[in-house]
Amino acid sequence: MGDLTLTTFDWVPEPPRGYVRDLRVRWALEESGLPYRVESVPFRDRKPEHFAHQPFGQVPWLTDGDISIFESGAILLHLGNRSDALMPADPRGRAEVLEWLFAALNSVEAASLPWSILIFSGITGDAPAYGLMDSFLKDHRLKHMEPVLAGREWLAGTFSVADILMADVLRLINRFDGLAEYPACRDYVARATARPSFAKAHADQMAHFAAADCKTGA
């Protein structure tokens with residue numbers, strides 16, 4: 001394995017700051033203690049090289065020597081394989097982390113992302129699309145996460161990449177008060193984001209985009 005480089009945008013508008021998905025990778029890298037550096041690509045003018053690393057023109061991606069990995073879940077899994085601080089070594093523990101990592105992406109975020117896009121778009125209240133997605137997220141996802149998180153501190157025994165991903169997914173829901181009726185989910189997010197590694201990752205992301213404002217005069 002080689003040097004680790006995290007690539008994110010050079011700038012984003014204010015609303016997504018603190019929620020851009022390079023935060024998940026920053027958080028995992030801070031938890032692991034693995035040395036890394038951060039590089040930027042233009043937000044407004046995405047070049048062919050960007051699409052060569054991330055075919056949808058998004059961020060983040062991680063380079064590890066001559067390996068380039070996109071998608072935050074895949075990157076977290078890669079880092080989990082490099083660090084015992086992010087993934088247990090025993091097969092049973094690894095299996096638990098993997099199932100919850102994919103549950104965060106395929107079950108919870110798959111429901112929360114369209115819900116949050118509707119809110120960002122101002123489609124709420126009595127709008128049929130919002131009612132449908134709100135019910136799906138809360139009745140079929142959060143309702144089932146609540147007893148799970150009420151019964152454990154972390155998803156797979158010890159803190160892992162599964163918690164980084166799940167907590168970040170739930171954090172966005174909480175931003176729009178979607179966890180108001182789910183105290184165990186709220187407490188879980190609070191526990192996860194109280195970790196020094198999250199505080200460092202969040203502060204670094206906010207500082208990264210603030211520095212871009214200074215350069216552009218925004």
# chains A, B, ... in the order shown; residues from 1 in each chain; ligands from 1

call {"tool": "closest_atom_pairs", "arguments": {"of": "segment 148-213 of chain A", "to": "segment 3-9 of chain A", "cutoff": "10 Å", "atoms": "only C-alpha atoms", "output": "Markdown table"}}
result
| residue | atom | partner | partner_atom | distance |
| --- | --- | --- | --- | --- |
| A:Gln205 | CA | A:Thr8 | CA | 9.5 |
| A:His208 | CA | A:Phe9 | CA | 9.3 |
| A:Phe209 | CA | A:Phe9 | CA | 8.5 |
| A:Ala212 | CA | A:Phe9 | CA | 9.8 |

call {"tool": "write_last_selection", "arguments": {"atoms": "C-alpha atoms", "output": "PDB file, in the first residue's frame"}}
result
ATOM      1  CA  GLN A 205     -13.929  20.133   5.936  1.00  0.00           C
ATOM      2  CA  HIS A 208     -11.244  23.651   3.547  1.00  0.00           C
ATOM      3  CA  PHE A 209     -14.306  25.278   1.958  1.00  0.00           C
ATOM      4  CA  ALA A 212     -11.794  28.551  -0.912  1.00  0.00           C
TER       5      ALA A 212
END

call {"tool": "select_by_dssp", "arguments": {"residues": "segment 57-188 of chain A", "states": "strand (DSSP E or B)", "output": "JSON, numbers by chain"}}
result
{"A": [61, 62, 63, 64, 67, 68, 69, 70]}

call {"tool": "write_last_selection", "arguments": {"atoms": "all heavy atoms", "output": "compact mmCIF listing (two decimals), in the first residue's frame"}}
result
# COMPACT_ATOMS: atom_id res chain seq x y z
N TRP A 61 -12.86 10.67 -3.78
CA TRP A 61 -12.18 9.41 -4.08
C TRP A 61 -10.88 9.39 -3.29
O TRP A 61 -10.41 10.41 -2.80
CB TRP A 61 -11.96 9.22 -5.57
CG TRP A 61 -10.96 10.08 -6.26
CD1 TRP A 61 -9.60 9.91 -6.30
CD2 TRP A 61 -11.23 11.25 -7.05
NE1 TRP A 61 -9.02 10.88 -7.06
CE2 TRP A 61 -9.99 11.71 -7.55
CE3 TRP A 61 -12.40 11.92 -7.41
CZ2 TRP A 61 -9.89 12.84 -8.35
CZ3 TRP A 61 -12.30 13.03 -8.22
CH2 TRP A 61 -11.06 13.49 -8.68
N LEU A 62 -10.35 8.19 -3.15
CA LEU A 62 -9.13 7.98 -2.37
C LEU A 62 -8.12 7.27 -3.26
O LEU A 62 -8.46 6.31 -3.94
CB LEU A 62 -9.42 7.12 -1.14
CG LEU A 62 -8.23 6.86 -0.20
CD1 LEU A 62 -7.98 8.09 0.69
CD2 LEU A 62 -8.46 5.63 0.67
N THR A 63 -6.90 7.76 -3.25
CA THR A 63 -5.82 7.03 -3.89
C THR A 63 -4.92 6.46 -2.81
O THR A 63 -4.58 7.14 -1.84
CB THR A 63 -5.01 7.90 -4.87
OG1 THR A 63 -4.56 9.08 -4.19
CG2 THR A 63 -5.86 8.31 -6.05
N ASP A 64 -4.59 5.19 -2.99
CA ASP A 64 -3.72 4.46 -2.06
C ASP A 64 -2.63 3.85 -2.92
O ASP A 64 -2.80 2.78 -3.50
CB ASP A 64 -4.53 3.39 -1.34
CG ASP A 64 -3.70 2.65 -0.28
OD1 ASP A 64 -2.48 2.86 -0.23
OD2 ASP A 64 -4.30 1.85 0.47
N ILE A 67 -3.69 2.54 -6.41
CA ILE A 67 -5.11 2.19 -6.34
C ILE A 67 -5.93 3.46 -6.21
O ILE A 67 -5.62 4.33 -5.40
CB ILE A 67 -5.40 1.25 -5.15
CG1 ILE A 67 -4.62 -0.05 -5.26
CG2 ILE A 67 -6.89 0.97 -5.04
CD1 ILE A 67 -4.70 -0.91 -4.01
N SER A 68 -6.99 3.59 -6.99
CA SER A 68 -7.92 4.72 -6.89
C SER A 68 -9.32 4.17 -6.65
O SER A 68 -9.79 3.31 -7.40
CB SER A 68 -7.89 5.55 -8.18
OG SER A 68 -8.79 6.64 -8.10
N ILE A 69 -9.96 4.64 -5.59
CA ILE A 69 -11.26 4.10 -5.17
C ILE A 69 -12.26 5.24 -5.04
O ILE A 69 -11.98 6.25 -4.38
CB ILE A 69 -11.16 3.39 -3.80
CG1 ILE A 69 -9.98 2.44 -3.77
CG2 ILE A 69 -12.46 2.66 -3.47
CD1 ILE A 69 -9.62 2.01 -2.37
N PHE A 70 -13.44 5.09 -5.65
CA PHE A 70 -14.51 6.05 -5.47
C PHE A 70 -15.66 5.37 -4.73
O PHE A 70 -15.66 4.16 -4.55
CB PHE A 70 -14.96 6.66 -6.80
CG PHE A 70 -15.71 5.73 -7.71
CD1 PHE A 70 -17.09 5.70 -7.71
CD2 PHE A 70 -15.03 4.90 -8.59
CE1 PHE A 70 -17.80 4.86 -8.57
CE2 PHE A 70 -15.72 4.06 -9.46
CZ PHE A 70 -17.11 4.03 -9.44

call {"tool": "residues_around", "arguments": {"residues": "Ile164 of chain A", "least_positions_apart": "2", "cutoff": "8 Å", "atoms": "only C-alpha atoms", "output": "short mmCIF file (atom, residue, chain, number, x, y, z; two decimals) with all heavy atoms, in the first residue's frame"}}
result
data_model
loop_
_atom_site.label_atom_id
_atom_site.label_comp_id
_atom_site.auth_asym_id
_atom_site.auth_seq_id
_atom_site.Cartn_x
_atom_site.Cartn_y
_atom_site.Cartn_z
N ARG A 24 -16.93 11.54 5.61
CA ARG A 24 -16.90 10.15 6.07
C ARG A 24 -15.48 9.59 6.00
O ARG A 24 -15.05 8.86 6.89
CB ARG A 24 -17.84 9.29 5.21
CG ARG A 24 -19.28 9.73 5.25
CD ARG A 24 -20.12 8.99 4.23
NE ARG A 24 -21.52 9.41 4.31
CZ ARG A 24 -22.50 8.93 3.56
NH1 ARG A 24 -22.24 8.01 2.64
NH2 ARG A 24 -23.74 9.37 3.70
N TRP A 27 -13.19 11.29 8.54
CA TRP A 27 -13.50 10.74 9.87
C TRP A 27 -12.80 9.39 10.05
O TRP A 27 -12.15 9.14 11.08
CB TRP A 27 -15.02 10.60 9.99
CG TRP A 27 -15.56 10.24 11.32
CD1 TRP A 27 -14.87 9.94 12.48
CD2 TRP A 27 -16.94 10.15 11.68
NE1 TRP A 27 -15.72 9.66 13.50
CE2 TRP A 27 -17.01 9.78 13.05
CE3 TRP A 27 -18.13 10.33 10.97
CZ2 TRP A 27 -18.23 9.59 13.70
CZ3 TRP A 27 -19.33 10.14 11.63
CH2 TRP A 27 -19.38 9.78 12.98
N ALA A 28 -12.92 8.52 9.06
CA ALA A 28 -12.29 7.21 9.15
C ALA A 28 -10.77 7.32 9.23
O ALA A 28 -10.11 6.60 10.00
CB ALA A 28 -12.70 6.35 7.95
N SER A 160 -16.82 1.26 14.52
CA SER A 160 -16.25 0.78 13.26
C SER A 160 -16.70 1.67 12.10
O SER A 160 -17.45 2.64 12.29
CB SER A 160 -16.72 -0.66 12.99
OG SER A 160 -18.11 -0.67 12.68
N VAL A 161 -16.25 1.30 10.91
CA VAL A 161 -16.67 2.05 9.72
C VAL A 161 -18.18 2.00 9.52
O VAL A 161 -18.77 2.91 8.93
CB VAL A 161 -15.97 1.54 8.44
CG1 VAL A 161 -14.51 1.97 8.42
CG2 VAL A 161 -16.11 0.04 8.28
N ALA A 162 -18.83 0.95 10.03
CA ALA A 162 -20.29 0.88 9.93
C ALA A 162 -20.93 2.03 10.70
O ALA A 162 -21.94 2.60 10.26
CB ALA A 162 -20.79 -0.46 10.47
N MET A 166 -23.35 4.88 9.16
CA MET A 166 -24.71 4.98 9.66
C MET A 166 -24.94 6.31 10.37
O MET A 166 -25.98 6.96 10.18
CB MET A 166 -25.04 3.82 10.60
CG MET A 166 -26.49 3.79 11.06
SD MET A 166 -27.66 3.42 9.73
CE MET A 166 -27.48 1.62 9.65
N ALA A 167 -24.00 6.72 11.19
CA ALA A 167 -24.16 7.98 11.92
C ALA A 167 -24.22 9.17 10.96
O ALA A 167 -24.99 10.11 11.17
CB ALA A 167 -23.03 8.17 12.92
N ASP A 168 -23.43 9.11 9.89
CA ASP A 168 -23.45 10.22 8.94
C ASP A 168 -24.77 10.26 8.17
O ASP A 168 -25.30 11.34 7.89
CB ASP A 168 -22.28 10.12 7.97
CG ASP A 168 -22.03 11.42 7.23
OD1 ASP A 168 -21.91 12.47 7.91
OD2 ASP A 168 -21.97 11.40 6.00
N ALA A 192 -21.74 9.37 18.40
CA ALA A 192 -20.76 9.26 17.31
C ALA A 192 -20.09 10.60 17.02
O ALA A 192 -18.86 10.68 16.85
CB ALA A 192 -21.43 8.71 16.06
#

call {"tool": "select_by_dssp", "arguments": {"residues": "segment 153-205 of chain A", "states": "alpha helix (DSSP H)", "output": "PyMOL selection string"}}
result
chain A and resi 161-175+183-193+196-205

call {"tool": "closest_residue", "arguments": {"among": "A:Val148, A:Leu132, A:Val169, A:Ala127", "to": "Asn106 of chain A", "atoms": "only C-alpha atoms"}}
result
A:Val169

call {"tool": "closest_residue", "arguments": {"among": "A:Arg82, A:Arg21, A:Arg37, A:Lys143", "to": "Pro183 of chain A", "atoms": "only C-alpha atoms"}}
result
A:Lys143

call {"tool": "residues_around", "arguments": {"residues": "segment 96-104 of chain A", "least_positions_apart": "5", "cutoff": "10 Å", "atoms": "only C-alpha atoms", "output": "compact mmCIF listing (two decimals) with N, CA, C and O atoms, in the first residue's frame"}}
result
# COMPACT_ATOMS: atom_id res chain seq x y z
N GLY A 73 -18.69 4.34 0.61
CA GLY A 73 -18.78 3.02 1.24
C GLY A 73 -17.61 2.14 0.87
O GLY A 73 -17.04 1.44 1.73
N ALA A 74 -17.23 2.15 -0.41
CA ALA A 74 -16.09 1.35 -0.86
C ALA A 74 -14.79 1.84 -0.22
O ALA A 74 -13.92 1.05 0.16
N LEU A 76 -14.52 3.38 2.71
CA LEU A 76 -14.52 2.98 4.12
C LEU A 76 -14.17 1.51 4.27
O LEU A 76 -13.45 1.13 5.20
N LEU A 77 -14.69 0.69 3.40
CA LEU A 77 -14.35 -0.73 3.46
C LEU A 77 -12.86 -0.94 3.23
O LEU A 77 -12.21 -1.73 3.92
N GLY A 80 -11.13 0.09 6.31
CA GLY A 80 -11.36 -0.90 7.35
C GLY A 80 -10.43 -2.09 7.21
O GLY A 80 -9.98 -2.67 8.22
N LEU A 86 -10.84 0.35 12.67
CA LEU A 86 -12.05 0.57 11.89
C LEU A 86 -12.82 -0.71 11.60
O LEU A 86 -13.99 -0.66 11.23
N MET A 87 -12.16 -1.86 11.76
CA MET A 87 -12.78 -3.14 11.42
C MET A 87 -12.18 -4.22 12.31
O MET A 87 -10.96 -4.37 12.36
N PRO A 88 -13.01 -4.99 13.02
CA PRO A 88 -12.46 -6.06 13.85
C PRO A 88 -11.79 -7.14 13.01
O PRO A 88 -12.14 -7.33 11.83
N PRO A 91 -13.70 -13.04 12.15
CA PRO A 91 -14.68 -13.17 11.07
C PRO A 91 -16.09 -12.76 11.46
O PRO A 91 -16.80 -12.13 10.67
N GLU A 109 -29.86 4.95 3.82
CA GLU A 109 -29.59 6.09 2.94
C GLU A 109 -30.42 6.03 1.66
O GLU A 109 -30.80 7.07 1.11
N ALA A 110 -30.73 4.84 1.19
CA ALA A 110 -31.58 4.73 0.01
C ALA A 110 -32.96 5.33 0.25
O ALA A 110 -33.61 5.81 -0.68
N ALA A 111 -33.39 5.33 1.52
CA ALA A 111 -34.67 5.96 1.87
C ALA A 111 -34.49 7.43 2.23
O ALA A 111 -35.35 8.26 1.92
N LEU A 155 -22.91 -0.42 16.46
CA LEU A 155 -23.63 -1.42 15.67
C LEU A 155 -23.02 -2.81 15.75
O LEU A 155 -23.74 -3.80 15.74
N ALA A 156 -21.70 -2.89 15.80
CA ALA A 156 -21.04 -4.20 15.75
C ALA A 156 -20.10 -4.40 16.93
O ALA A 156 -18.99 -4.90 16.78
N GLY A 157 -20.55 -4.01 18.10
CA GLY A 157 -19.74 -4.19 19.31
C GLY A 157 -18.86 -2.99 19.58
O GLY A 157 -19.13 -2.18 20.47
N THR A 158 -17.77 -2.85 18.83
CA THR A 158 -16.90 -1.70 18.96
C THR A 158 -17.14 -0.74 17.80
O THR A 158 -17.67 -1.13 16.76
N PHE A 159 -16.73 0.50 17.98
CA PHE A 159 -16.90 1.51 16.94
C PHE A 159 -16.18 1.07 15.68
O PHE A 159 -15.04 0.57 15.74
N SER A 160 -16.82 1.26 14.52
CA SER A 160 -16.25 0.78 13.26
C SER A 160 -16.70 1.67 12.10
O SER A 160 -17.45 2.64 12.29
N VAL A 161 -16.25 1.30 10.91
CA VAL A 161 -16.67 2.05 9.72
C VAL A 161 -18.18 2.00 9.52
O VAL A 161 -18.77 2.91 8.93
N ALA A 162 -18.83 0.95 10.03
CA ALA A 162 -20.29 0.88 9.93
C ALA A 162 -20.93 2.03 10.70
O ALA A 162 -21.94 2.60 10.26
N ASP A 163 -20.36 2.38 11.85
CA ASP A 163 -20.91 3.49 12.63
C ASP A 163 -20.63 4.83 11.97
O ASP A 163 -21.47 5.74 12.03
N ILE A 164 -19.47 4.97 11.35
CA ILE A 164 -19.19 6.21 10.62
C ILE A 164 -20.25 6.43 9.55
O ILE A 164 -20.81 7.53 9.42
N LEU A 165 -20.54 5.40 8.81
CA LEU A 165 -21.49 5.54 7.71
C LEU A 165 -22.92 5.72 8.21
O LEU A 165 -23.64 6.62 7.76
N MET A 166 -23.35 4.88 9.16
CA MET A 166 -24.71 4.98 9.66
C MET A 166 -24.94 6.31 10.37
O MET A 166 -25.98 6.96 10.18
N ALA A 167 -24.00 6.72 11.19
CA ALA A 167 -24.16 7.98 11.92
C ALA A 167 -24.22 9.17 10.96
O ALA A 167 -24.99 10.11 11.17
N ASP A 168 -23.43 9.11 9.89
CA ASP A 168 -23.45 10.22 8.94
C ASP A 168 -24.77 10.26 8.17
O ASP A 168 -25.30 11.34 7.89
N VAL A 169 -25.31 9.10 7.83
CA VAL A 169 -26.62 9.04 7.18
C VAL A 169 -27.70 9.60 8.10
O VAL A 169 -28.52 10.43 7.70
N LEU A 170 -27.70 9.17 9.35
CA LEU A 170 -28.71 9.63 10.30
C LEU A 170 -28.53 11.11 10.65
O LEU A 170 -29.50 11.82 10.94

call {"tool": "closest_residue", "arguments": {"among": "A:Gly2, A:Pro147, A:Ala211, A:Gly178", "to": "Gly65 of chain A", "atoms": "only C-alpha atoms"}}
result
A:Gly2

call {"tool": "atom_distance", "arguments": {"atom1": "atom CA of His202 of chain A", "atom2": "atom CA of Arg26 of chain A"}}
result
8.2 Å

call {"tool": "atom_distance", "arguments": {"atom1": "atom CA of Phe43 of chain A", "atom2": "atom CA of Leu23 of chain A"}}
result
16.3 Å
